[in-house]
>>> print(open('start29.pdb').read())   # PDB, C-alpha atoms
ATOM      1  CA  MET A 131       0.000   0.000   0.000  1.00  0.00           C
ATOM      2  CA  LYS A 132       1.649   3.231  -1.154  1.00  0.00           C
ATOM      3  CA  ILE A 133       0.421   6.248   0.787  1.00  0.00           C
ATOM      4  CA  ASN A 134       1.852   9.752   0.606  1.00  0.00           C
ATOM      5  CA  LEU A 135       1.736  11.500   3.971  1.00  0.00           C
ATOM      6  CA  SER A 136       2.108  15.207   4.680  1.00  0.00           C
ATOM      7  CA  GLY A 137       4.385  16.379   7.485  1.00  0.00           C
ATOM      8  CA  SER A 138       1.400  16.806   9.777  1.00  0.00           C
ATOM      9  CA  GLU A 139       0.055  13.375   8.913  1.00  0.00           C
ATOM     10  CA  TRP A 140       3.433  11.847   9.790  1.00  0.00           C
ATOM     11  CA  LYS A 141       3.167  13.348  13.277  1.00  0.00           C
ATOM     12  CA  LEU A 142      -0.217  11.751  13.862  1.00  0.00           C
ATOM     13  CA  MET A 143       0.746   8.430  12.290  1.00  0.00           C
ATOM     14  CA  ASN A 144       3.901   8.238  14.423  1.00  0.00           C
ATOM     15  CA  ARG A 145       1.726   8.495  17.535  1.00  0.00           C
ATOM     16  CA  LEU A 146      -0.490   5.673  16.277  1.00  0.00           C
ATOM     17  CA  TRP A 147       2.507   3.520  15.357  1.00  0.00           C
ATOM     18  CA  GLU A 148       3.921   4.102  18.850  1.00  0.00           C
ATOM     19  CA  ARG A 149       0.720   2.902  20.511  1.00  0.00           C
ATOM     20  CA  SER A 150      -2.707   2.033  19.235  1.00  0.00           C
ATOM     21  CA  PRO A 151      -5.587   2.004  19.290  1.00  0.00           C
ATOM     22  CA  ARG A 152      -6.083   5.554  20.539  1.00  0.00           C
ATOM     23  CA  THR A 153      -9.107   7.776  20.840  1.00  0.00           C
ATOM     24  CA  ILE A 154      -9.341  11.327  19.503  1.00  0.00           C
ATOM     25  CA  THR A 155      -8.934  12.632  23.056  1.00  0.00           C
ATOM     26  CA  GLN A 156      -5.804  10.537  23.598  1.00  0.00           C
ATOM     27  CA  LEU A 157      -4.301  11.630  20.278  1.00  0.00           C
ATOM     28  CA  THR A 158      -5.079  15.286  20.968  1.00  0.00           C
ATOM     29  CA  ALA A 159      -3.345  15.043  24.347  1.00  0.00           C
ATOM     30  CA  ALA A 160      -0.360  13.197  22.862  1.00  0.00           C
ATOM     31  CA  LEU A 161       0.083  15.814  20.112  1.00  0.00           C
ATOM     32  CA  LYS A 162      -0.833  18.946  22.094  1.00  0.00           C
ATOM     33  CA  GLU A 163       2.643  19.965  23.242  1.00  0.00           C
ATOM     34  CA  GLU A 164       4.332  19.249  19.892  1.00  0.00           C
ATOM     35  CA  THR A 165       1.666  20.727  17.613  1.00  0.00           C
ATOM     36  CA  GLY A 166      -0.853  22.720  19.626  1.00  0.00           C
ATOM     37  CA  TRP A 167      -3.627  21.008  17.658  1.00  0.00           C
ATOM     38  CA  THR A 168      -7.195  21.149  18.902  1.00  0.00           C
ATOM     39  CA  LYS A 169      -9.566  18.206  18.955  1.00  0.00           C
ATOM     40  CA  ASN A 170     -11.158  19.491  15.716  1.00  0.00           C
ATOM     41  CA  THR A 171      -7.783  19.512  13.959  1.00  0.00           C
ATOM     42  CA  VAL A 172      -7.114  15.930  15.023  1.00  0.00           C
ATOM     43  CA  ILE A 173     -10.575  14.893  13.795  1.00  0.00           C
ATOM     44  CA  THR A 174      -9.878  16.516  10.416  1.00  0.00           C
ATOM     45  CA  MET A 175      -6.482  14.812  10.148  1.00  0.00           C
ATOM     46  CA  LEU A 176      -7.960  11.420  11.053  1.00  0.00           C
ATOM     47  CA  SER A 177     -10.688  11.860   8.422  1.00  0.00           C
ATOM     48  CA  ARG A 178      -8.045  12.603   5.790  1.00  0.00           C
ATOM     49  CA  LEU A 179      -5.963   9.619   6.852  1.00  0.00           C
ATOM     50  CA  GLU A 180      -9.004   7.330   6.771  1.00  0.00           C
ATOM     51  CA  ALA A 181      -9.819   8.553   3.248  1.00  0.00           C
ATOM     52  CA  LYS A 182      -6.250   7.681   2.212  1.00  0.00           C
ATOM     53  CA  GLY A 183      -6.579   4.223   3.752  1.00  0.00           C
ATOM     54  CA  ALA A 184      -3.802   4.882   6.284  1.00  0.00           C
ATOM     55  CA  VAL A 185      -5.997   4.732   9.391  1.00  0.00           C
ATOM     56  CA  GLY A 186      -9.015   2.748  10.482  1.00  0.00           C
ATOM     57  CA  HIS A 187     -11.268   2.902  13.497  1.00  0.00           C
ATOM     58  CA  ARG A 188     -13.583   0.756  15.536  1.00  0.00           C
ATOM     59  CA  GLU A 189     -16.307   1.766  17.904  1.00  0.00           C
ATOM     60  CA  GLY A 190     -14.984   1.584  21.438  1.00  0.00           C
ATOM     61  CA  ALA A 191     -16.950   1.517  24.674  1.00  0.00           C
ATOM     62  CA  ARG A 192     -17.167   5.319  24.811  1.00  0.00           C
ATOM     63  CA  ALA A 193     -15.349   6.635  21.757  1.00  0.00           C
ATOM     64  CA  LYS A 194     -13.953   5.595  18.392  1.00  0.00           C
ATOM     65  CA  GLU A 195     -10.559   3.949  18.627  1.00  0.00           C
ATOM     66  CA  TYR A 196      -8.138   4.666  15.792  1.00  0.00           C
ATOM     67  CA  TYR A 197      -5.330   2.409  14.596  1.00  0.00           C
ATOM     68  CA  PRO A 198      -2.889   2.430  11.672  1.00  0.00           C
ATOM     69  CA  LEU A 199      -3.683   0.443   8.552  1.00  0.00           C
ATOM     70  CA  ALA A 200      -0.501   1.541   6.797  1.00  0.00           C
ATOM     71  CA  ASP A 201       2.705  -0.216   7.771  1.00  0.00           C
ATOM     72  CA  ARG A 202       5.383   2.169   9.079  1.00  0.00           C
ATOM     73  CA  ALA A 203       8.203   0.575   7.041  1.00  0.00           C
ATOM     74  CA  ASP A 204       6.132   0.779   3.837  1.00  0.00           C
ATOM     75  CA  ALA A 205       5.339   4.440   4.489  1.00  0.00           C
ATOM     76  CA  GLN A 206       9.006   5.205   5.194  1.00  0.00           C
ATOM     77  CA  ARG A 207      10.059   3.437   1.994  1.00  0.00           C
ATOM     78  CA  ALA A 208       7.494   5.346  -0.079  1.00  0.00           C
ATOM     79  CA  GLU A 209       8.566   8.647   1.495  1.00  0.00           C
ATOM     80  CA  THR A 210      12.229   7.902   0.799  1.00  0.00           C
ATOM     81  CA  GLU A 211      11.500   7.031  -2.839  1.00  0.00           C
ATOM     82  CA  SER A 212       9.420  10.193  -3.223  1.00  0.00           C
ATOM     83  CA  PHE A 213      12.156  12.347  -1.689  1.00  0.00           C
ATOM     84  CA  LEU A 214      14.878  10.808  -3.847  1.00  0.00           C
ATOM     85  CA  GLY A 215      12.741  11.266  -6.947  1.00  0.00           C
ATOM     86  CA  LYS A 216      11.954  14.910  -6.233  1.00  0.00           C
ATOM     87  CA  VAL A 217      15.309  16.096  -4.975  1.00  0.00           C
ATOM     88  CA  TYR A 218      17.874  13.815  -6.592  1.00  0.00           C
ATOM     89  CA  GLY A 219      16.112  12.484  -9.677  1.00  0.00           C
ATOM     90  CA  GLY A 220      15.893   9.062  -8.046  1.00  0.00           C
ATOM     91  CA  ARG A 221      19.667   8.781  -7.746  1.00  0.00           C
ATOM     92  CA  LEU A 222      20.776   7.605  -4.327  1.00  0.00           C
ATOM     93  CA  GLY A 223      24.447   8.034  -5.242  1.00  0.00           C
ATOM     94  CA  LEU A 224      23.880  11.723  -5.948  1.00  0.00           C
ATOM     95  CA  MET A 225      22.364  12.191  -2.488  1.00  0.00           C
ATOM     96  CA  VAL A 226      25.207  10.362  -0.736  1.00  0.00           C
ATOM     97  CA  SER A 227      27.744  12.355  -2.753  1.00  0.00           C
ATOM     98  CA  ALA A 228      26.059  15.599  -1.654  1.00  0.00           C
ATOM     99  CA  MET A 229      26.223  14.454   1.981  1.00  0.00           C
ATOM    100  CA  VAL A 230      29.918  13.564   1.644  1.00  0.00           C
ATOM    101  CA  ASP A 231      30.718  16.869  -0.070  1.00  0.00           C
ATOM    102  CA  SER A 232      29.010  18.838   2.692  1.00  0.00           C
ATOM    103  CA  ARG A 233      30.781  16.786   5.396  1.00  0.00           C
ATOM    104  CA  GLN A 234      27.448  15.778   6.918  1.00  0.00           C
ATOM    105  CA  LEU A 235      28.239  12.085   7.325  1.00  0.00           C
ATOM    106  CA  THR A 236      29.452  10.999  10.748  1.00  0.00           C
ATOM    107  CA  GLU A 237      31.734   8.019  11.322  1.00  0.00           C
ATOM    108  CA  ALA A 238      28.651   6.100  12.483  1.00  0.00           C
ATOM    109  CA  ASP A 239      26.825   7.018   9.246  1.00  0.00           C
ATOM    110  CA  ILE A 240      29.780   5.800   7.168  1.00  0.00           C
ATOM    111  CA  ALA A 241      29.924   2.525   9.106  1.00  0.00           C
ATOM    112  CA  GLU A 242      26.183   2.029   8.633  1.00  0.00           C
ATOM    113  CA  LEU A 243      26.416   2.723   4.887  1.00  0.00           C
ATOM    114  CA  SER A 244      29.358   0.316   4.594  1.00  0.00           C
ATOM    115  CA  ALA A 245      27.361  -2.427   6.323  1.00  0.00           C
ATOM    116  CA  ILE A 246      24.364  -1.796   4.055  1.00  0.00           C
ATOM    117  CA  LEU A 247      26.542  -1.975   0.936  1.00  0.00           C
ATOM    118  CA  LYS A 248      28.221  -5.149   2.173  1.00  0.00           C
ATOM    119  CA  LYS A 249      24.776  -6.697   2.701  1.00  0.00           C
ATOM    120  CA  ALA A 250      23.701  -5.589  -0.783  1.00  0.00           C
ATOM    121  CA  GLU A 251      26.744  -7.340  -2.236  1.00  0.00           C
ATOM    122  CA  GLY A 252      25.762 -10.496  -0.360  1.00  0.00           C
ATOM    123  CA  GLY A 253      28.812 -10.253   1.861  1.00  0.00           C
ATOM    124  CA  GLY A 254      27.240 -10.067   5.289  1.00  0.00           C
ATOM    125  CA  GLU A 255      24.451  -9.120   7.616  1.00  0.00           C
ATOM    126  CA  THR A 256      23.763  -5.712   9.160  1.00  0.00           C
TER     127      THR A 256
END
>>> encode(input="start29.pdb", output="structure tokens")
Amino acid sequence: MKINLSGSEWKLMNRLWERSPRTITQLTAALKEETGWTKNTVITMLSRLEAKGAVGHREGARAKEYYPLADRADAQRAETESFLGKVYGGRLGLMVSAMVDSRQLTEADIAELSAILKKAEGGGET
């Protein structure tokens, strides 16, 4: 399932991926400090996410309980592909080169990339 999420939708989805199901009241409380969203804003966001097929709900004892339908890893993969396509023409090497040129890669980043490349070559596990 390929779903494009806005920045705001990511915030809400991350809360649902952390713990679900959650009610509108619980989500509003969880997001209040970070976003300042009101209950009405959360309701609007949940409606949008349901329309996209990212979120579902069931009737709880007192309130609707919302849960993610979209898998976090799938959403992250789709977001990464979208970003690479928009910014780097789909070329991962160009992005890594830009990071190297700007000295933004830490030793830990380089080690992680090396392990990923070794795994891609079939030479080991990460």
>>> closest_residue(input="start29.pdb", among="A:Arg178, A:Lys248, A:Lys169, A:Arg152", to="Glu139 in chain A", atoms="all atoms listed in the file")
A:Arg178
>>> atom_distance(input="start29.pdb", atom1="CA of Asp204 in chain A", atom2="CA of Leu243 in chain A")
20.4 Å
>>> atom_distance(input="start29.pdb", atom1="CA of Arg145 in chain A", atom2="CA of Arg202 in chain A")
11.2 Å
>>> residues_around(input="start29.pdb", residues="Asn134 in chain A", least_positions_apart="6", cutoff="12 Å", atoms="only C-alpha atoms", output="ChimeraX atom specification")
/A:140,143,178-179,182-184,200,202,204-213
>>> atom_distance(input="start29.pdb", atom1="CA of Ser136 in chain A", atom2="CA of Arg188 in chain A")
23.9 Å
>>> closest_residue(input="start29.pdb", among="A:Leu214, A:Ile133, A:Ala238, A:Leu247", to="Ala181 in chain A", atoms="only C-alpha atoms")
A:Ile133
>>> resolve_selection(input="start29.pdb", expression="the PyMOL selection byres ((chain A and resi 154) around 12)", output="ChimeraX atom specification")
/A:142,145-146,150-153,155-162,167-177,187,189-190,192-197
